[in-house]
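Asker: I'd like to ask you about the structure that follows.
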Amino acid sequence: MTSIVSRRAISALKPLAISLAVASLFPASAFAADTGTAEAVVLTAGRQAQAAKDVLADNVVITADEIAKSGASSLVDLLQKQRGVEVTHNGGPGTTSSVFIRGTSNAQNVVLVDGVRIGSSTTGGATWSTIPLSQIERIEIVYGPLSSLYGADAIGGVIQVFTKKGSSAITPTASVGAGTYGLRKADAGISGALDSRFSFALNVAHEEADGFSASTPAAGAFTYNPDKDGYKLDSVSGRLAYEWSKGQELGLNLLQSRLKAQFDAGPGYDDRTQQDLQTLAVYSKNKLADNWTVKTQYAQAKDKSFTDASYGKSQINTEQDTFNIQSDLMFGKDVLQLMYENREEKVETTTVGLNGKRTTDSFAASYVMKSGAHLASASVRYDDSSVYGSNTTGSIAYGYRINDALRVNASYGTSFRAPTYNELYYPGFGIASNKPEKGKNAEVGIYYELGDTQLSAVYYQNKLTDLLVSTNVCPVQQDTHPFGCAYNVEKATLSGLTIGGSTKFGDLSLRGSLDIQDPKDDTTGKQLARRAKQHGNIAAEYTIAKAKVGVETTFSDKRFDDAANKKVLGGYSLLNLYATYDIAPSWSVIGRWNNVLDKDYQLAKNYNSMGSNVYVGLNYGFK
């Protein structure tokens with residue numbers, strides 16, 4: 001670990017020091033701690049409500065307050081500011097994006113919307129640009145292997161977004177805003193409870209931007225187009241919950257969004273795509289005894305994509321239907337959880353040979369223990385797929401409270417990623433016999449929380465085998481795959497140290513994070529593509545009467561755009577400023593200036609990112 005920290009840490013701290021110096025010039029209310037307030041509850045880490053201070057898995061909670069004042073252009077931009085997370089995108093908002101957690105790929109993480117798993121079965125991973133930030137009230141990021149709770153793909157972690165919910169009083173909300181690149185936003189909602197039994201929420205939103213050219217001239221004649229690549233995103237989310245008897249609840253959650261976006265695939269044609277994301281969950285939560293709760297849920301997620309480009313038109317529809325029943329039985333402060341899940345994936349495309357369906361039956365059990373200074377958890381899961389066979393994963397964790405403020409953790413877990421439909425069946429590329437990727441992760445951490453100060457440091461090492469990669473020469477089916485294929489051949493080690501913290505001095509609040517990592521391909525000895533060895537964030541905020549003024553920065557070391565480490569993506573450091581002001585009860589204005597220094601940087605080779613840009617918004621009813 002010493003070799004990792006050394007000179008890399010020193011070079012990474014240079015932009016951090018600059019940011020601290022700038023931050024000291026801007027007085028900034030308290031940022032929510034990475035794990036929320038002392039009363040915060042985390043749902044994702046154990047598929048149950050747990051006090052944040054008792055959660056053994058490393059996690060970050062992004063609160064409604066942070067989202068409201070972030071002024072972020074997209075969910076991906078907001079995630080870029082979190083520790084342990086890196087992002088890429090092929091242009092501005094609306095274009096193809098990826099999220100890496102602790103060095104894992106976009107397909108090696110699970111994404112949930114209100115407990116509903118989303119993602120494309122053909123490409124793997126979530127279609128991030130279709131998830132509207134305007135509909136989100138809260139985000140939980142849980143790091144580390146969670147396949148023993150969530151099944152396939154949870155190698156690097158799980159991100160769950162929660163849409164806006166109702167409270168006891170009927171409350172309307174609304175916001176409008178405008179910014180650089182022709183950005184326009186508007187959303188409205190109403191939520192509350194009609195009586196003690198029935199609660200609801202309904203939110204609608206629209207945003208659009210004229211954008212800028214997604215690609216640069218260096219992308220080449222078959223990609224570059226100097227036109228502006230804009231987008232339109234319309235969305236609606238809703239929730240109904242009815243408690244028909246004490247401890248007996250029926251409910252429904254839904255989200256629907258439609259993204260129309262332009263992209264570059266060469267000059268002379270208006271390349272565009274329409275992507276639809278739909279999620280629906282119907283659930284029943286029943287308290288069968290004082291210590292026994294059972295939740296049954298049927299969920300459906302649809303990911304649809306239509307592309308009209310110079311190279312042709314295509315339609316890809318994927319659907320996931322999931323039935324889940326979960327039983328939580330309490331023994332004092334301990335919880336035994338038993339779970340059964342059936343998930344069916346369907347693929348319908350215009351590509352011959354890619355259509356089909358597969359089912360996975362899963363059984364899981366977990367036990368969470370809390371006894372004095374000792375915290376512990378153990379879980380095991382068996383997944384049986386109709387296509388790629390059975391996989392058993394497990395996890396064990398232990399935490400010890402040295403005192404009320406200081407805790408140490410240690411954990412070990414296994415995980416796997418299922419091969420996508422493209423990796424199995426795409427003509428001339430997929431191999432039907434491809435196996436799941438496997439992961440083995442060990443980590444230790446130390447956590448400190450006292451008053452307004454929270455600090456954490458976690459060292460992890462994740463060993464991956466049977467990685468599926470695209471090879472130019474296919475070693476097993478050269479006759480049918482003359483131009484290469486997807487094949488289980490690589491090994492990788494993802495190791496690193498992630499540090500986070502926040503504190504408050506009167507009206508001044510500070511928070512920051514630093515990731516020092518070594519995402520290495522063990523087969524070639526090269527650095528994994530688009531992943532840096534150092535990246536981090538720092539922010540400060542100050543409250544002056546009804547105003548809040550803040551400064552924040554995101555910085556990253558260089559990366560490589562290719563597996564051979566020939567195409568360099570330069571390091572960058574971005575400076576952002578923002579302010580909010582309460583102009584009247586329930587009314588506030590927000591102003592942001594992102595990329596103040598107008599840094600020219602790329603997250604994907606030969607694709608543009610936003611330059612210096614501003615946003616001004618008016619909010620009503622947001623807390």
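Going by the structure tokens order, chains are called A, B, ..., each with residues numbered from 1, while ligands are numbered from 1 in the order shown.
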Which neighbours of Gly71 in chain A fall inside 9 Å, counting only C-alpha atoms, when residues of the same chain fewer than 2 positions from it are skipped, and could you give them as a VMD selection string?
Answerer: chain A and resid 67 to 69 73 to 74 78 578 590 to 592 594 615 to 617
Asker: Can you spit out the residues from that selection as a compact mmCIF listing (two decimals), in the first residue's frame, using C-alpha atoms?
Answerer:
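Written output follows (out.txt):
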```txt
# COMPACT_ATOMS: atom_id res chain seq x y z
CA ILE A 67 -29.32 17.26 -5.22
CA ALA A 68 -31.39 20.46 -5.09
CA LYS A 69 -28.37 22.76 -4.86
CA SER A 73 -26.72 18.77 -15.67
CA SER A 74 -27.31 15.04 -15.21
CA LEU A 78 -23.60 14.40 -9.82
CA TYR A 578 -22.59 28.13 -6.58
CA ILE A 590 -29.85 28.95 -7.18
CA GLY A 591 -26.98 30.00 -9.36
CA ARG A 592 -24.06 27.87 -10.49
CA ASN A 594 -19.39 25.20 -13.55
CA TYR A 615 -27.16 27.81 -14.61
CA VAL A 616 -29.81 29.87 -12.79
CA GLY A 617 -32.93 28.34 -11.28
```
Asker: To test your reading of the structure, identify every residue in range 411-623 of chain A that backbone DSSP assigns to alpha helix (DSSP H), and report it as number ranges by chain.
Answerer: A: 421-425
Asker: Would you mind reading off the distance between CA of Thr223 in chain A and CA of His89 in chain A, one decimal, in Å?
Answerer: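 Distance between the two atoms: 15.1 Å.
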Asker: May I have the residues within 9 Å of Leu406 in chain A as a list in words, using only C-alpha atoms and disregarding those fewer than 5 positions away in the same chain?
Answerer: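 Surrounding residues, per the criterion: Tyr400, Arg401, Ile446, Tyr447, Tyr448, Glu449 and Leu450 of chain A.
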Asker: Name the residues in contact with range 279-294 of chain A at a cut-off of 8 Å, using only C-alpha atoms, excluding same-chain residues fewer than 3 positions from it; report them as a ChimeraX atom specification.
Answerer: /A:113,116,118,247-256,297-302,325-331
Asker: Env of Ser362 in chain A: 6 Å cut, atoms = only C-alpha atoms, seq-sep filter 6 positions within chain, self excluded. Answer as JSON, numbers by chain.
Answerer: {"A": [340, 341, 382, 383]}
Asker: List the spatial neighbours of Gln108 in chain A as number ranges by chain - criterion: any atom at most 8 Å away, only C-alpha atoms, same-chain residues fewer than 3 positions off excluded.
Answerer: A: 104-105, 125, 153-157, 417
Asker: Of the candidates A:Gln461, A:Ser70, A:Asn576, A:Gln320, which one gets nearest to Pro145 in chain A if we count only C-alpha atoms?
Answerer: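 Closest candidate: A:Gln461.
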Asker: Using only C-alpha atoms, which residue out of A:Pro93, A:Gly220, A:Gly124, A:Gly46 lies closest to Ala107 in chain A?
Answerer: A:Gly124
Asker: Could you pull the residues within 12 Å of Ser168 in chain A, counting only C-alpha atoms, minus those fewer than 2 positions along the same chain, as a list in words?
Answerer: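 After dropping sequence-adjacent residues, the list is Lys165, Gly166, Ile170, Thr171, Ile190, Ser191, Gly192, Ala193, Leu194, Asp195, Ser196, Arg197, Phe198, Ser199, Phe200 and Ala201 of chain A.
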Asker: Kindly export the residues of the current selection with all heavy atoms, as a CSV table (one decimal), in the first residue's frame.
Answerer:
```csv
chain,number,residue,atom,x,y,z
A,165,LYS,N,-41.0,11.2,-2.9
A,165,LYS,CA,-42.1,10.6,-2.2
A,165,LYS,C,-42.9,11.6,-1.5
A,165,LYS,O,-42.5,12.8,-1.3
A,165,LYS,CB,-41.5,9.6,-1.2
A,165,LYS,CG,-40.6,8.5,-1.8
A,165,LYS,CD,-41.4,7.6,-2.7
A,165,LYS,CE,-40.6,6.4,-3.1
A,165,LYS,NZ,-39.5,6.7,-4.0
A,166,GLY,N,-44.1,11.1,-1.0
A,166,GLY,CA,-45.0,12.0,-0.3
A,166,GLY,C,-44.6,12.1,1.2
A,166,GLY,O,-44.0,11.2,1.7
A,170,ILE,N,-49.9,17.7,2.3
A,170,ILE,CA,-49.9,17.8,0.9
A,170,ILE,C,-49.1,19.0,0.5
A,170,ILE,O,-49.3,20.1,0.9
A,170,ILE,CB,-51.4,18.0,0.4
A,170,ILE,CG1,-52.2,16.7,0.7
A,170,ILE,CG2,-51.4,18.3,-1.1
A,170,ILE,CD1,-53.6,16.7,0.2
A,171,THR,N,-48.1,18.7,-0.3
A,171,THR,CA,-47.1,19.7,-0.6
A,171,THR,C,-46.8,19.8,-2.1
A,171,THR,O,-46.4,18.8,-2.7
A,171,THR,CB,-45.7,19.4,0.1
A,171,THR,OG1,-45.9,19.3,1.5
A,171,THR,CG2,-44.7,20.5,-0.2
A,190,ILE,N,-46.6,17.1,-6.8
A,190,ILE,CA,-47.4,17.3,-5.6
A,190,ILE,C,-47.4,15.9,-4.9
A,190,ILE,O,-47.3,14.9,-5.5
A,190,ILE,CB,-48.9,17.6,-6.0
A,190,ILE,CG1,-49.7,17.9,-4.7
A,190,ILE,CG2,-49.5,16.6,-6.9
A,190,ILE,CD1,-51.0,18.6,-5.0
A,191,SER,N,-47.3,16.0,-3.6
A,191,SER,CA,-47.2,14.8,-2.8
A,191,SER,C,-47.8,15.1,-1.4
A,191,SER,O,-48.0,16.2,-1.0
A,191,SER,CB,-45.7,14.4,-2.6
A,191,SER,OG,-45.0,15.4,-1.9
A,192,GLY,N,-48.1,14.0,-0.7
A,192,GLY,CA,-48.6,14.1,0.6
A,192,GLY,C,-49.5,12.9,1.0
A,192,GLY,O,-49.4,11.8,0.4
A,193,ALA,N,-50.3,13.1,2.0
A,193,ALA,CA,-51.2,12.0,2.5
A,193,ALA,C,-52.6,12.6,2.6
A,193,ALA,O,-52.8,13.7,3.1
A,193,ALA,CB,-50.7,11.5,3.8
A,194,LEU,N,-53.6,11.8,2.1
A,194,LEU,CA,-55.0,12.2,2.2
A,194,LEU,C,-55.5,11.9,3.6
A,194,LEU,O,-56.4,12.6,4.1
A,194,LEU,CB,-55.8,11.5,1.1
A,194,LEU,CG,-55.4,11.8,-0.3
A,194,LEU,CD1,-56.3,11.1,-1.3
A,194,LEU,CD2,-55.5,13.3,-0.6
A,195,ASP,N,-55.0,10.9,4.2
A,195,ASP,CA,-55.3,10.5,5.6
A,195,ASP,C,-54.2,9.7,6.1
A,195,ASP,O,-53.1,9.7,5.5
A,195,ASP,CB,-56.7,9.8,5.7
A,195,ASP,CG,-56.7,8.5,4.8
A,195,ASP,OD1,-55.7,7.8,4.7
A,195,ASP,OD2,-57.8,8.2,4.2
A,196,SER,N,-54.3,9.1,7.3
A,196,SER,CA,-53.2,8.4,7.9
A,196,SER,C,-52.9,7.1,7.2
A,196,SER,O,-51.8,6.5,7.5
A,196,SER,CB,-53.6,8.0,9.4
A,196,SER,OG,-54.8,7.2,9.4
A,197,ARG,N,-53.7,6.7,6.2
A,197,ARG,CA,-53.5,5.4,5.5
A,197,ARG,C,-53.0,5.6,4.1
A,197,ARG,O,-52.3,4.7,3.6
A,197,ARG,CB,-54.8,4.6,5.5
A,197,ARG,CG,-55.2,4.1,6.9
A,197,ARG,CD,-56.4,3.2,6.8
A,197,ARG,NE,-56.8,2.6,8.0
A,197,ARG,CZ,-57.8,1.7,8.2
A,197,ARG,NH1,-58.4,1.3,7.1
A,197,ARG,NH2,-58.1,1.3,9.4
A,198,PHE,N,-53.4,6.7,3.4
A,198,PHE,CA,-53.1,6.8,2.0
A,198,PHE,C,-52.1,7.9,1.7
A,198,PHE,O,-52.4,9.1,2.1
A,198,PHE,CB,-54.4,7.0,1.2
A,198,PHE,CG,-54.2,7.1,-0.2
A,198,PHE,CD1,-54.0,6.0,-1.0
A,198,PHE,CD2,-54.3,8.4,-0.9
A,198,PHE,CE1,-53.9,6.1,-2.4
A,198,PHE,CE2,-54.1,8.5,-2.2
A,198,PHE,CZ,-53.9,7.3,-3.0
A,199,SER,N,-51.0,7.6,1.0
A,199,SER,CA,-50.1,8.7,0.7
A,199,SER,C,-49.8,8.5,-0.8
A,199,SER,O,-49.9,7.5,-1.4
A,199,SER,CB,-48.8,8.5,1.5
A,199,SER,OG,-48.1,7.3,1.2
A,200,PHE,N,-49.3,9.6,-1.4
A,200,PHE,CA,-49.1,9.6,-2.9
A,200,PHE,C,-48.0,10.7,-3.2
A,200,PHE,O,-47.7,11.5,-2.5
A,200,PHE,CB,-50.4,10.0,-3.6
A,200,PHE,CG,-50.8,11.5,-3.4
A,200,PHE,CD1,-50.5,12.4,-4.4
A,200,PHE,CD2,-51.5,11.9,-2.3
A,200,PHE,CE1,-50.8,13.7,-4.2
A,200,PHE,CE2,-51.8,13.2,-2.1
A,200,PHE,CZ,-51.5,14.1,-3.1
A,201,ALA,N,-47.5,10.5,-4.5
A,201,ALA,CA,-46.6,11.5,-5.0
A,201,ALA,C,-46.7,11.4,-6.5
A,201,ALA,O,-46.8,10.3,-7.1
A,201,ALA,CB,-45.2,11.2,-4.6
```
Asker: Could you tell me how far CA of Leu574 in chain A sits from CA of Tyr601 in chain A, in Å to one decimal place?
Answerer: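 Interatomic distance, CA of Tyr601 in chain A to CA of Leu574 in chain A: 9.4 Å.
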Asker: How many Å separate CA of Val60 in chain A from CA of Val76 in chain A?
Answerer: 15.2 Å
Asker: If you run DSSP on this backbone, which residues of range 317-362 of chain A come out as strand (DSSP E or B), and could you give them as an NGL selection string?
Answerer: :A and (317-331 or 334-349 or 356-362)
Asker: Return the single residue from A:Ile516, A:Ala539, A:Cys474, A:Ile396 that is closest to Ser502 in chain A, with distances computed using only C-alpha atoms.
Answerer: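 Among the listed residues, A:Ala539 lies closest to Ser502 in chain A.
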Asker: For Leu510 in chain A, which of A:Asn606, A:Thr453, A:Thr480, A:Ser470 is the closest residue, counting only C-alpha atoms?
Answerer: A:Thr453
Asker: Here is a test: counting only C-alpha atoms, which residue of A:Lys164, A:Lys546, A:Arg239, A:Arg47 is nearest to Leu338 in chain A?
Answerer: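 The answer is A:Arg47, which sits nearest to Leu338 in chain A.
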